[in-house]
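Structure file structure.cif; described as mmCIF, N, CA and C atoms.
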```
data_entry
#
loop_
_atom_site.label_atom_id
_atom_site.label_comp_id
_atom_site.auth_asym_id
_atom_site.auth_seq_id
_atom_site.Cartn_x
_atom_site.Cartn_y
_atom_site.Cartn_z
N MET A 1024 0.84 -1.17 0.00
CA MET A 1024 0.00 0.00 0.00
C MET A 1024 0.89 1.25 0.00
N GLN A 1025 0.50 2.23 -0.82
CA GLN A 1025 1.29 3.46 -0.94
C GLN A 1025 0.75 4.51 0.03
N THR A 1026 1.64 5.17 0.70
CA THR A 1026 1.23 6.24 1.62
C THR A 1026 1.37 7.59 0.92
N LEU A 1027 0.42 8.45 1.15
CA LEU A 1027 0.46 9.79 0.59
C LEU A 1027 0.96 10.76 1.64
N ALA A 1028 1.81 11.66 1.22
CA ALA A 1028 2.32 12.67 2.14
C ALA A 1028 1.21 13.68 2.43
N ALA A 1029 1.16 14.13 3.64
CA ALA A 1029 0.17 15.14 4.02
C ALA A 1029 0.60 16.50 3.48
N LEU A 1030 -0.36 17.27 3.02
CA LEU A 1030 -0.09 18.61 2.53
C LEU A 1030 0.08 19.55 3.72
N PRO A 1031 0.95 20.54 3.59
CA PRO A 1031 1.10 21.50 4.69
C PRO A 1031 -0.17 22.34 4.82
N VAL A 1032 -0.46 22.71 6.05
CA VAL A 1032 -1.63 23.55 6.32
C VAL A 1032 -1.28 24.98 5.94
N LEU A 1033 -2.03 25.56 4.99
CA LEU A 1033 -1.77 26.93 4.54
C LEU A 1033 -2.62 27.95 5.27
N CYS A 1034 -3.76 27.51 5.73
CA CYS A 1034 -4.64 28.43 6.44
C CYS A 1034 -5.47 27.62 7.43
N CYS A 1035 -6.21 28.31 8.20
CA CYS A 1035 -7.18 27.69 9.09
C CYS A 1035 -6.53 26.79 10.14
N GLY A 1036 -5.29 27.06 10.46
CA GLY A 1036 -4.61 26.31 11.52
C GLY A 1036 -5.07 26.77 12.88
N PRO A 1037 -4.51 26.18 13.91
CA PRO A 1037 -4.92 26.51 15.27
C PRO A 1037 -4.72 27.98 15.63
N ALA A 1038 -3.76 28.64 14.97
CA ALA A 1038 -3.50 30.05 15.29
C ALA A 1038 -4.40 31.01 14.51
N THR A 1039 -5.19 30.50 13.57
CA THR A 1039 -6.05 31.34 12.76
C THR A 1039 -7.38 31.56 13.45
N GLU A 1040 -7.68 32.82 13.67
CA GLU A 1040 -8.96 33.17 14.30
C GLU A 1040 -10.09 32.96 13.30
N PRO A 1041 -11.21 32.38 13.73
CA PRO A 1041 -12.35 32.23 12.81
C PRO A 1041 -12.95 33.59 12.46
N LEU A 1042 -13.46 33.69 11.25
CA LEU A 1042 -14.10 34.94 10.82
C LEU A 1042 -15.48 35.07 11.46
N ALA A 1043 -15.81 36.28 11.83
CA ALA A 1043 -17.18 36.55 12.27
C ALA A 1043 -18.09 36.41 11.06
N ALA A 1044 -19.33 36.06 11.29
CA ALA A 1044 -20.28 35.83 10.19
C ALA A 1044 -20.40 37.05 9.28
N ASP A 1045 -20.47 38.25 9.85
CA ASP A 1045 -20.58 39.46 9.04
C ASP A 1045 -19.34 39.67 8.17
N ASP A 1046 -18.15 39.40 8.73
CA ASP A 1046 -16.91 39.55 7.97
C ASP A 1046 -16.86 38.53 6.84
N ALA A 1047 -17.29 37.31 7.12
CA ALA A 1047 -17.30 36.28 6.09
C ALA A 1047 -18.26 36.65 4.96
N ASP A 1048 -19.42 37.20 5.31
CA ASP A 1048 -20.39 37.62 4.28
C ASP A 1048 -19.82 38.73 3.41
N LEU A 1049 -19.13 39.69 4.04
CA LEU A 1049 -18.54 40.80 3.29
C LEU A 1049 -17.45 40.30 2.35
N LEU A 1050 -16.59 39.43 2.85
CA LEU A 1050 -15.54 38.87 1.99
C LEU A 1050 -16.13 38.06 0.85
N ALA A 1051 -17.15 37.28 1.13
CA ALA A 1051 -17.79 36.47 0.08
C ALA A 1051 -18.38 37.37 -1.00
N ALA A 1052 -19.00 38.48 -0.61
CA ALA A 1052 -19.58 39.41 -1.58
C ALA A 1052 -18.48 40.02 -2.45
N ARG A 1053 -17.35 40.34 -1.84
CA ARG A 1053 -16.25 40.91 -2.62
C ARG A 1053 -15.66 39.90 -3.59
N PHE A 1054 -15.50 38.67 -3.14
CA PHE A 1054 -14.98 37.64 -4.04
C PHE A 1054 -15.98 37.34 -5.16
N ARG A 1055 -17.30 37.37 -4.84
CA ARG A 1055 -18.30 37.16 -5.89
C ARG A 1055 -18.21 38.26 -6.95
N ALA A 1056 -17.97 39.49 -6.50
CA ALA A 1056 -17.84 40.60 -7.45
C ALA A 1056 -16.66 40.39 -8.38
N LEU A 1057 -15.65 39.68 -7.91
CA LEU A 1057 -14.46 39.43 -8.73
C LEU A 1057 -14.55 38.14 -9.53
N ALA A 1058 -15.71 37.52 -9.52
CA ALA A 1058 -15.89 36.25 -10.24
C ALA A 1058 -16.06 36.45 -11.74
N ASP A 1059 -16.16 37.69 -12.19
CA ASP A 1059 -16.33 37.98 -13.61
C ASP A 1059 -15.01 38.51 -14.17
N PRO A 1060 -14.53 37.95 -15.28
CA PRO A 1060 -13.25 38.39 -15.84
C PRO A 1060 -13.19 39.88 -16.19
N THR A 1061 -14.30 40.45 -16.63
CA THR A 1061 -14.30 41.88 -16.95
C THR A 1061 -14.09 42.71 -15.70
N ARG A 1062 -14.73 42.31 -14.60
CA ARG A 1062 -14.56 43.06 -13.36
C ARG A 1062 -13.14 42.92 -12.81
N VAL A 1063 -12.54 41.75 -12.97
CA VAL A 1063 -11.14 41.57 -12.57
C VAL A 1063 -10.26 42.51 -13.40
N ALA A 1064 -10.53 42.60 -14.69
CA ALA A 1064 -9.76 43.48 -15.57
C ALA A 1064 -9.95 44.95 -15.19
N ILE A 1065 -11.16 45.32 -14.81
CA ILE A 1065 -11.41 46.71 -14.37
C ILE A 1065 -10.62 46.99 -13.10
N VAL A 1066 -10.65 46.07 -12.15
CA VAL A 1066 -9.90 46.26 -10.90
C VAL A 1066 -8.41 46.36 -11.21
N ASN A 1067 -7.93 45.53 -12.12
CA ASN A 1067 -6.52 45.58 -12.51
C ASN A 1067 -6.18 46.94 -13.10
N ARG A 1068 -7.06 47.45 -13.93
CA ARG A 1068 -6.84 48.77 -14.54
C ARG A 1068 -6.83 49.86 -13.47
N LEU A 1069 -7.75 49.77 -12.50
CA LEU A 1069 -7.83 50.78 -11.44
C LEU A 1069 -6.68 50.67 -10.44
N ALA A 1070 -5.99 49.53 -10.43
CA ALA A 1070 -4.84 49.38 -9.54
C ALA A 1070 -3.73 50.36 -9.91
N ALA A 1071 -3.73 50.80 -11.16
CA ALA A 1071 -2.74 51.79 -11.61
C ALA A 1071 -3.10 53.20 -11.17
N GLY A 1072 -4.33 53.40 -10.75
CA GLY A 1072 -4.76 54.72 -10.29
C GLY A 1072 -6.17 55.04 -10.76
N GLU A 1073 -6.64 56.17 -10.32
CA GLU A 1073 -7.99 56.63 -10.64
C GLU A 1073 -8.18 56.71 -12.15
N CYS A 1074 -9.40 56.42 -12.58
CA CYS A 1074 -9.68 56.37 -14.02
C CYS A 1074 -11.08 56.91 -14.30
N CYS A 1075 -11.20 57.66 -15.36
CA CYS A 1075 -12.49 58.17 -15.80
C CYS A 1075 -13.29 57.03 -16.44
N VAL A 1076 -14.58 57.05 -16.20
CA VAL A 1076 -15.43 56.01 -16.78
C VAL A 1076 -15.36 56.04 -18.31
N CYS A 1077 -15.14 57.18 -18.88
CA CYS A 1077 -15.01 57.28 -20.34
C CYS A 1077 -13.79 56.50 -20.83
N ASP A 1078 -12.70 56.50 -20.06
CA ASP A 1078 -11.51 55.73 -20.42
C ASP A 1078 -11.76 54.23 -20.29
N LEU A 1079 -12.55 53.85 -19.30
CA LEU A 1079 -12.89 52.43 -19.14
C LEU A 1079 -13.73 51.95 -20.32
N ASN A 1080 -14.67 52.79 -20.75
CA ASN A 1080 -15.49 52.44 -21.92
C ASN A 1080 -14.60 52.17 -23.13
N ALA A 1081 -13.63 53.02 -23.35
CA ALA A 1081 -12.75 52.88 -24.52
C ALA A 1081 -11.81 51.68 -24.36
N ALA A 1082 -11.31 51.47 -23.15
CA ALA A 1082 -10.32 50.40 -22.92
C ALA A 1082 -10.92 49.01 -23.11
N PHE A 1083 -12.18 48.85 -22.76
CA PHE A 1083 -12.77 47.51 -22.79
C PHE A 1083 -13.68 47.28 -23.99
N GLU A 1084 -13.87 48.29 -24.80
CA GLU A 1084 -14.72 48.17 -25.99
C GLU A 1084 -16.07 47.54 -25.66
N LEU A 1085 -16.62 47.99 -24.53
CA LEU A 1085 -17.96 47.56 -24.11
C LEU A 1085 -18.85 48.77 -24.10
N SER A 1086 -20.14 48.54 -24.13
CA SER A 1086 -21.07 49.66 -24.11
C SER A 1086 -21.03 50.33 -22.74
N GLN A 1087 -21.43 51.57 -22.73
CA GLN A 1087 -21.45 52.34 -21.47
C GLN A 1087 -22.35 51.68 -20.43
N PRO A 1088 -23.55 51.19 -20.79
CA PRO A 1088 -24.38 50.52 -19.78
C PRO A 1088 -23.72 49.26 -19.21
N THR A 1089 -22.97 48.53 -20.02
CA THR A 1089 -22.30 47.32 -19.54
C THR A 1089 -21.19 47.68 -18.55
N ILE A 1090 -20.39 48.68 -18.88
CA ILE A 1090 -19.34 49.13 -17.96
C ILE A 1090 -19.98 49.64 -16.67
N SER A 1091 -21.06 50.39 -16.79
CA SER A 1091 -21.75 50.91 -15.59
C SER A 1091 -22.25 49.78 -14.70
N HIS A 1092 -22.76 48.72 -15.32
CA HIS A 1092 -23.23 47.57 -14.55
C HIS A 1092 -22.06 46.95 -13.77
N HIS A 1093 -20.94 46.73 -14.43
CA HIS A 1093 -19.79 46.13 -13.76
C HIS A 1093 -19.27 47.04 -12.63
N LEU A 1094 -19.24 48.33 -12.87
CA LEU A 1094 -18.80 49.27 -11.83
C LEU A 1094 -19.76 49.29 -10.65
N ARG A 1095 -21.06 49.16 -10.93
CA ARG A 1095 -22.05 49.12 -9.84
C ARG A 1095 -21.83 47.89 -8.97
N VAL A 1096 -21.58 46.74 -9.59
CA VAL A 1096 -21.32 45.52 -8.83
C VAL A 1096 -20.09 45.70 -7.95
N LEU A 1097 -19.03 46.27 -8.52
CA LEU A 1097 -17.81 46.51 -7.75
C LEU A 1097 -18.03 47.53 -6.64
N ARG A 1098 -18.82 48.56 -6.93
CA ARG A 1098 -19.12 49.58 -5.92
C ARG A 1098 -19.98 49.00 -4.80
N ASP A 1099 -20.99 48.20 -5.15
CA ASP A 1099 -21.84 47.58 -4.14
C ASP A 1099 -21.06 46.63 -3.23
N ALA A 1100 -19.99 46.03 -3.78
CA ALA A 1100 -19.15 45.13 -3.00
C ALA A 1100 -18.13 45.89 -2.16
N GLY A 1101 -18.07 47.21 -2.35
CA GLY A 1101 -17.13 48.01 -1.57
C GLY A 1101 -15.71 48.00 -2.10
N LEU A 1102 -15.54 47.59 -3.35
CA LEU A 1102 -14.19 47.51 -3.93
C LEU A 1102 -13.76 48.78 -4.65
N VAL A 1103 -14.72 49.55 -5.15
CA VAL A 1103 -14.40 50.81 -5.82
C VAL A 1103 -15.31 51.91 -5.28
N GLU A 1104 -14.84 53.13 -5.46
CA GLU A 1104 -15.66 54.30 -5.13
C GLU A 1104 -15.46 55.32 -6.25
N SER A 1105 -16.37 56.28 -6.30
CA SER A 1105 -16.30 57.24 -7.41
C SER A 1105 -16.54 58.65 -6.91
N THR A 1106 -16.09 59.59 -7.71
CA THR A 1106 -16.39 61.00 -7.51
C THR A 1106 -16.79 61.57 -8.86
N ARG A 1107 -17.65 62.57 -8.84
CA ARG A 1107 -18.10 63.22 -10.07
C ARG A 1107 -17.30 64.49 -10.27
N ARG A 1108 -16.90 64.68 -11.52
CA ARG A 1108 -16.24 65.93 -11.93
C ARG A 1108 -16.91 66.35 -13.22
N GLY A 1109 -17.77 67.31 -13.09
CA GLY A 1109 -18.56 67.72 -14.25
C GLY A 1109 -19.50 66.61 -14.65
N THR A 1110 -19.44 66.21 -15.90
CA THR A 1110 -20.35 65.16 -16.38
C THR A 1110 -19.75 63.76 -16.25
N TRP A 1111 -18.48 63.65 -15.84
CA TRP A 1111 -17.81 62.36 -15.78
C TRP A 1111 -17.64 61.86 -14.36
N ALA A 1112 -17.66 60.55 -14.22
CA ALA A 1112 -17.39 59.91 -12.94
C ALA A 1112 -15.99 59.31 -13.01
N TYR A 1113 -15.23 59.49 -11.94
CA TYR A 1113 -13.88 58.94 -11.84
C TYR A 1113 -13.89 57.86 -10.75
N TYR A 1114 -13.35 56.72 -11.09
CA TYR A 1114 -13.36 55.56 -10.19
C TYR A 1114 -11.96 55.26 -9.68
N ARG A 1115 -11.90 54.76 -8.46
CA ARG A 1115 -10.65 54.33 -7.84
C ARG A 1115 -10.93 53.15 -6.93
N LEU A 1116 -9.90 52.37 -6.66
CA LEU A 1116 -10.04 51.24 -5.74
C LEU A 1116 -10.17 51.73 -4.31
N VAL A 1117 -10.89 50.99 -3.52
CA VAL A 1117 -10.93 51.22 -2.08
C VAL A 1117 -9.77 50.39 -1.52
N GLN A 1118 -8.69 51.07 -1.18
CA GLN A 1118 -7.46 50.39 -0.80
C GLN A 1118 -7.64 49.45 0.40
N GLU A 1119 -8.43 49.86 1.36
CA GLU A 1119 -8.65 49.02 2.55
C GLU A 1119 -9.32 47.70 2.17
N ALA A 1120 -10.27 47.75 1.25
CA ALA A 1120 -10.95 46.53 0.80
C ALA A 1120 -9.98 45.60 0.09
N VAL A 1121 -9.11 46.17 -0.73
CA VAL A 1121 -8.11 45.37 -1.45
C VAL A 1121 -7.14 44.75 -0.45
N ARG A 1122 -6.74 45.53 0.55
CA ARG A 1122 -5.84 45.02 1.60
C ARG A 1122 -6.46 43.84 2.33
N GLU A 1123 -7.76 43.96 2.66
CA GLU A 1123 -8.45 42.88 3.36
C GLU A 1123 -8.50 41.61 2.51
N LEU A 1124 -8.75 41.75 1.21
CA LEU A 1124 -8.76 40.58 0.33
C LEU A 1124 -7.38 39.95 0.27
N ARG A 1125 -6.37 40.78 0.15
CA ARG A 1125 -4.99 40.29 0.09
C ARG A 1125 -4.65 39.54 1.37
N GLN A 1126 -5.04 40.12 2.50
CA GLN A 1126 -4.76 39.49 3.80
C GLN A 1126 -5.47 38.15 3.94
N THR A 1127 -6.70 38.10 3.45
CA THR A 1127 -7.48 36.85 3.50
C THR A 1127 -6.78 35.75 2.72
N LEU A 1128 -6.14 36.14 1.61
CA LEU A 1128 -5.46 35.16 0.77
C LEU A 1128 -4.04 34.87 1.25
N GLY A 1129 -3.67 35.49 2.36
CA GLY A 1129 -2.36 35.22 2.94
C GLY A 1129 -1.23 36.07 2.41
N GLY A 1130 -1.59 37.20 1.77
CA GLY A 1130 -0.54 38.03 1.17
C GLY A 1130 -0.32 39.32 1.83
#
```
Can you turn what I pasted into structure tokens?
Amino acid sequence: MQTLAALPVLCCGPATEPLAADDADLLAARFRALADPTRVAIVNRLAAGECCVCDLNAAFELSQPTISHHLRVLRDAGLVESTRRGTWAYYRLVQEAVRELRQTLGG
């Protein structure tokens, strides 16, 4: 009979505090928002800095309503925020939310 080596524990060890239910729900909502490749690409683009929604429309060759939908999902998840300047909205990442996701993944 062949024995299999045990995998090292990467998370959830005895020293890892369990997440509170509210924190787990918030993290799950953020990860769900990132389950779409377009939204991951938008977050990647915003990692370079604030961006006008008009630039996002051009960069992704998607319709304005489609980009707005993706931004709303990201905003509802607390991953991005926006400010208005004239007729345009400028989006940026919520750094604390990104930090929390990174920390959850062990980074």
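Picked out by the PyMOL selection byres ((chain A and resi 1117-1128) around 6) when it runs on this file: Gly1101, Leu1102, Val1103, Glu1104, Arg1115, Leu1116, Gly1129 and Gly1130 of chain A.
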message: Can you tell me which residues surround A:Ala1112 at a distance of at most 6 Å, considering only C-alpha atoms, apart from same-chain residues fewer than 5 positions away, and format the answer as a count of residues only?
response: 4
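Near stretch 1055-1070 of chain A, within 8 Å and counting only N, CA and C atoms, sit Leu1049, Leu1050, Ala1051, Ala1052, Arg1053, Gly1072, Glu1073, Cys1074, Leu1079, His1093, Leu1094, Val1096, Leu1097, Ala1100, Leu1102, Tyr1114, Arg1115 and Leu1116 of chain A, not including residues fewer than 2 positions from it in the same chain.
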Save the residues we just selected, N, CA and C atoms, as a JSON list (two decimals), keeping the file's coordinate frame?
```json
[["chain", "number", "residue", "atom", "x", "y", "z"],
["A", 1049, "LEU", "N", -19.13, 39.69, 4.04],
["A", 1049, "LEU", "CA", -18.54, 40.80, 3.29],
["A", 1049, "LEU", "C", -17.45, 40.30, 2.35],
["A", 1050, "LEU", "N", -16.59, 39.43, 2.85],
["A", 1050, "LEU", "CA", -15.54, 38.87, 1.99],
["A", 1050, "LEU", "C", -16.13, 38.06, 0.85],
["A", 1051, "ALA", "N", -17.15, 37.28, 1.13],
["A", 1051, "ALA", "CA", -17.79, 36.47, 0.08],
["A", 1051, "ALA", "C", -18.38, 37.37, -1.00],
["A", 1052, "ALA", "N", -19.00, 38.48, -0.61],
["A", 1052, "ALA", "CA", -19.58, 39.41, -1.58],
["A", 1052, "ALA", "C", -18.48, 40.02, -2.45],
["A", 1053, "ARG", "N", -17.35, 40.34, -1.84],
["A", 1053, "ARG", "CA", -16.25, 40.91, -2.62],
["A", 1053, "ARG", "C", -15.66, 39.90, -3.59],
["A", 1072, "GLY", "N", -4.33, 53.40, -10.75],
["A", 1072, "GLY", "CA", -4.76, 54.72, -10.29],
["A", 1072, "GLY", "C", -6.17, 55.04, -10.76],
["A", 1073, "GLU", "N", -6.64, 56.17, -10.32],
["A", 1073, "GLU", "CA", -7.99, 56.63, -10.64],
["A", 1073, "GLU", "C", -8.18, 56.71, -12.15],
["A", 1074, "CYS", "N", -9.40, 56.42, -12.58],
["A", 1074, "CYS", "CA", -9.68, 56.37, -14.02],
["A", 1074, "CYS", "C", -11.08, 56.91, -14.30],
["A", 1079, "LEU", "N", -12.55, 53.85, -19.30],
["A", 1079, "LEU", "CA", -12.89, 52.43, -19.14],
["A", 1079, "LEU", "C", -13.73, 51.95, -20.32],
["A", 1093, "HIS", "N", -20.94, 46.73, -14.43],
["A", 1093, "HIS", "CA", -19.79, 46.13, -13.76],
["A", 1093, "HIS", "C", -19.27, 47.04, -12.63],
["A", 1094, "LEU", "N", -19.24, 48.33, -12.87],
["A", 1094, "LEU", "CA", -18.80, 49.27, -11.83],
["A", 1094, "LEU", "C", -19.76, 49.29, -10.65],
["A", 1096, "VAL", "N", -21.58, 46.74, -9.59],
["A", 1096, "VAL", "CA", -21.32, 45.52, -8.83],
["A", 1096, "VAL", "C", -20.09, 45.70, -7.95],
["A", 1097, "LEU", "N", -19.03, 46.27, -8.52],
["A", 1097, "LEU", "CA", -17.81, 46.51, -7.75],
["A", 1097, "LEU", "C", -18.03, 47.53, -6.64],
["A", 1100, "ALA", "N", -19.99, 46.03, -3.78],
["A", 1100, "ALA", "CA", -19.15, 45.13, -3.00],
["A", 1100, "ALA", "C", -18.13, 45.89, -2.16],
["A", 1102, "LEU", "N", -15.54, 47.59, -3.35],
["A", 1102, "LEU", "CA", -14.19, 47.51, -3.93],
["A", 1102, "LEU", "C", -13.76, 48.78, -4.65],
["A", 1114, "TYR", "N", -13.35, 56.72, -11.09],
["A", 1114, "TYR", "CA", -13.36, 55.56, -10.19],
["A", 1114, "TYR", "C", -11.96, 55.26, -9.68],
["A", 1115, "ARG", "N", -11.90, 54.76, -8.46],
["A", 1115, "ARG", "CA", -10.65, 54.33, -7.84],
["A", 1115, "ARG", "C", -10.93, 53.15, -6.93],
["A", 1116, "LEU", "N", -9.90, 52.37, -6.66],
["A", 1116, "LEU", "CA", -10.04, 51.24, -5.74],
["A", 1116, "LEU", "C", -10.17, 51.73, -4.31]]
```
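Between atom CA of A:Gln1087 and atom CA of A:Phe1054 the interatomic distance comes to 23.7 Å.
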- request: Could you find all residues in chain A that DSSP calls strand (DSSP E) from the backbone, and write them as a PyMOL selection string?
  value: chain A and resi 1074-1075+1103-1108+1111-1116
Around all the atoms of stretch 1102-1112 of chain A listed in the file, with 5 Å of room on each side, what axis-aligned box do you get, giving centre and edge lengths in Å to one decimal, as AutoDock Vina command-line options?
```
--center_x -17.1 --center_y 57.6 --center_z -9.9 --size_x 16.6 --size_y 30.2 --size_z 23.0
```
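Relative to atom N of A:Asp1099, atom CA of A:Pro1041 is found at 25.5 Å.
Interatomic distance, atom N of A:Asp1048 against atom C of A:Arg1095: 18.0 Å.
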- request: Go through stretch 1046-1127 of chain A and collect every residue that DSSP, computed from the backbone, puts in helix (DSSP H, G or I); the answer should be as a PyMOL selection string.
  value: chain A and resi 1046-1056+1060-1069+1076-1083+1087-1099+1118-1127
